[in-house]
Amino acid sequence: MRHHTSVLIQKSGLVWALILVLCGIVEAHAQTGVFSLLSADFTASPPAGPAPLTVQFTDLSTGNVAGWSWTFGDDSPLSTNENPSHIFDIPGIYNVTLVVSDGLGDTSDTNQLIEVFQVPPVNDDFTNRTVLGGATNYLVGSNVGATFEPGEPYDAGIPGGASVWWSWVAPASGVVTISTFGSSFDTTLGVYVGNSVTNLTLVASNNDADAANGVLTSLVSFDTQANVAYQISVDGDDSDPYFGSNGVINLSVEFGPRPQAPAWTAFDLFGNLIDSTNFAGRVLLLDFWQTSCQECGSEIAVLNDLQTKYTLDGLSLLGVNVDGGSATAATIYNYVTNNSIIYRVVIGDSEMQTAFGALTPAGMISVLPTLFIVDRENGVATPIFYGLSQESDLAQVIIPLLYANMKLGITAMQNGQYLVTWPATEVSWVLEMTTDLTSGVWSPVNTPVTTVAKTRQTVVPASGGLNQFFRLRIQ
């Protein structure tokens, strides 16, 4: 029979009260008068390492333990030793379970994961990178015994020397967050595009996610383009004397759609009511600014240049003035005129500021200027820009949104050549070709390009009946 039991113990004139209220844990055995409070627990040393891995298990269970039953998750026979040692020969993740009993029918169990690695890791070299499937991945790996390849970049500019690689294809445009939180060492993280370790373009990198608070694992978050393969490198900081530069890697890849921009309305400087639906289907850059903000004024030339370059390709710019108070439309108009602002300006009310401020980590627009970039489907791209921004940084986000649906046209001509066409845009493109999609090797097409009716076109000779594949790459 199970009871709720209270036990009162008198010792040295002091009264200690132990009240046990967990039904099913305390069992009174009437025939012996013994109370059993079982709680299974153990340590594993080491909990992770390269194969073959010898692990010493030490029982830390409490209560009247009379028997032990260990299963090691690798199809080996169970052990009834109190503190067994076990060898794991094959790399993998093993679920080790301990069940303790009191010999009177009461039991308690617990489990731990043991991680056994291959040395060197299978994804040590870039060419052997592990391919991740799906939108979201959580995995455990290791860089123990990993090496550094000639020409390989240092992640976040930090010398390491034990990098391992994964490849992940974005299922759609959106935002991905990649983290090494929970890893056992001081990690570095780099994300690239490219098909050769010596020819990679950096997308995002990070050394310490929050060094000020002791978080030495790494974290990046960035906008993705649909069907683009992102190459993920994890290494360690070899200057860290305490946590080291290799060990267990916990890698998470979390993908989701861009958050939707809030609906809004605002008056322009001429009293016209403007709302968010006026920019449907376009890429919109919203710049929250004040006339008294020096950095806001310094950024005008950058925004004017973006407006001039990309408006015909689908970009709209909107200056959202947040002077408030006694500022009038006439005052703001004079500022706009005197500073030669060529993009549209509206007066942002508190509701508009609050709605967009909620998209920031601070939950408010606390820095000026603050710039939001909204895609053609009304999703807010990352990153949000704070303070004076460089045109190249803004263009790096804007250009993929403008040209995400660039289409190549290919027509077989009667003379055995191909006519390849694509839209004429502000951005310069390089036409590349391959005969083997699995090779990852693309070569520039060096044939003359002409423009006819806002369309670029070139004639490419057929290559001996072999398959030919073409792509556009931003120059």
# chains A, B, ... in the order shown; residues from 1 in each chain; ligands from 1
>>> select_by_dssp(residues="range 264-411 of chain A", states="strand (DSSP E)", output="ChimeraX atom specification")
/A:265-268,273-275,283-289,315-321,344-347,370-374,385-386,409-411
>>> residues_around(residues="Ala172 in chain A", least_positions_apart="2", cutoff="9 Å", atoms="only C-alpha atoms", output="list in words")
Ala135, Val169, Ala170, Gly174, Thr224, Gln225, Ala226, Asn227, Val228, Gly256 and Pro257 of chain A
>>> write_last_selection(atoms="C-alpha atoms", output="compact mmCIF listing (two decimals), in the first residue's frame")
# COMPACT_ATOMS: atom_id res chain seq x y z
CA ALA A 135 13.66 23.93 -42.55
CA VAL A 169 19.50 24.85 -48.51
CA ALA A 170 16.93 27.52 -47.67
CA GLY A 174 12.80 34.09 -44.90
CA THR A 224 17.73 33.80 -46.85
CA GLN A 225 17.07 33.42 -50.54
CA ALA A 226 14.99 30.47 -51.71
CA ASN A 227 16.93 27.39 -52.87
CA VAL A 228 20.34 28.91 -52.05
CA GLY A 256 10.96 30.84 -40.48
CA PRO A 257 9.16 33.37 -42.65
>>> atom_distance(atom1="CA of Leu132 in chain A", atom2="CA of Pro383 in chain A")
24.3 Å
>>> residues_around(residues="range 290-304 of chain A", least_positions_apart="2", cutoff="12 Å", atoms="only C-alpha atoms", output="number ranges by chain")
A: 284-288, 306-311, 315-325, 327-329, 331-348, 367-371, 385-395
>>> closest_residue(among="A:Asp89, A:Asp102, A:Asp375, A:Asp235", to="Leu251 in chain A", atoms="only C-alpha atoms")
A:Asp235
>>> atom_distance(atom1="CA of Val452 in chain A", atom2="CA of Asn467 in chain A")
27.1 Å
>>> residues_around(residues="Leu60 in chain A", least_positions_apart="6", cutoff="9 Å", atoms="only C-alpha atoms", output="list in words")
Ser39, Ala40, Asp41, Phe42 and Thr43 of chain A
>>> select_by_dssp(residues="range 389-451 of chain A", states="alpha helix (DSSP H)", output="ChimeraX atom specification")
/A:391-402
>>> residues_around(residues="Asn199 in chain A", least_positions_apart="3", cutoff="9 Å", atoms="only C-alpha atoms", output="ChimeraX atom specification")
/A:151-152,193-196
>>> write_last_selection(atoms="C-alpha atoms", output="mmCIF file, in the first residue's frame")
data_model
loop_
_atom_site.group_PDB
_atom_site.id
_atom_site.type_symbol
_atom_site.label_atom_id
_atom_site.label_comp_id
_atom_site.auth_asym_id
_atom_site.auth_seq_id
_atom_site.Cartn_x
_atom_site.Cartn_y
_atom_site.Cartn_z
ATOM 1 C CA GLY A 151 42.662 28.620 -48.336
ATOM 2 C CA GLU A 152 39.882 28.136 -45.805
ATOM 3 C CA VAL A 193 27.862 30.778 -50.187
ATOM 4 C CA GLY A 194 30.024 29.092 -52.788
ATOM 5 C CA ASN A 195 31.067 25.665 -53.974
ATOM 6 C CA SER A 196 34.794 25.699 -53.231
#
>>> residues_around(residues="range 212-216 of chain A", least_positions_apart="3", cutoff="8 Å", atoms="only C-alpha atoms", output="list of chain:residue names")
A:Phe185, A:Asp186, A:Thr187, A:Asn207, A:Asp208, A:Ala209
>>> write_last_selection(atoms="N, CA and C atoms", output="PDB file, in the first residue's frame")
ATOM      1  N   PHE A 185      32.692  24.164 -25.919  1.00  0.00           N
ATOM      2  CA  PHE A 185      33.910  24.960 -26.048  1.00  0.00           C
ATOM      3  C   PHE A 185      33.589  26.327 -26.642  1.00  0.00           C
ATOM      4  N   ASP A 186      34.602  27.159 -26.767  1.00  0.00           N
ATOM      5  CA  ASP A 186      34.476  28.526 -27.270  1.00  0.00           C
ATOM      6  C   ASP A 186      34.438  28.480 -28.787  1.00  0.00           C
ATOM      7  N   THR A 187      33.234  28.508 -29.355  1.00  0.00           N
ATOM      8  CA  THR A 187      33.066  28.296 -30.791  1.00  0.00           C
ATOM      9  C   THR A 187      33.210  29.581 -31.592  1.00  0.00           C
ATOM     10  N   ASN A 207      31.695  35.372 -33.359  1.00  0.00           N
ATOM     11  CA  ASN A 207      32.580  34.690 -32.430  1.00  0.00           C
ATOM     12  C   ASN A 207      31.804  34.344 -31.165  1.00  0.00           C
ATOM     13  N   ASP A 208      31.474  35.357 -30.359  1.00  0.00           N
ATOM     14  CA  ASP A 208      30.761  35.130 -29.101  1.00  0.00           C
ATOM     15  C   ASP A 208      29.386  35.771 -29.170  1.00  0.00           C
ATOM     16  N   ALA A 209      28.350  34.985 -28.865  1.00  0.00           N
ATOM     17  CA  ALA A 209      26.987  35.497 -28.937  1.00  0.00           C
ATOM     18  C   ALA A 209      26.746  36.616 -27.940  1.00  0.00           C
TER      19      ALA A 209
END
>>> closest_residue(among="A:Met352, A:Leu408, A:Ile249, A:Leu53", to="Val116 in chain A", atoms="only C-alpha atoms")
A:Leu53
>>> closest_residue(among="A:Asp313, A:Gly49, A:Ala330, A:Thr107", to="Leu269 in chain A", atoms="only C-alpha atoms")
A:Ala330
>>> atom_distance(atom1="CA of Val283 in chain A", atom2="CA of Ala358 in chain A")
20.4 Å
>>> closest_residue(among="A:Ala280, A:Val65, A:Ile114, A:Ile398", to="His86 in chain A", atoms="only C-alpha atoms")
A:Ile114
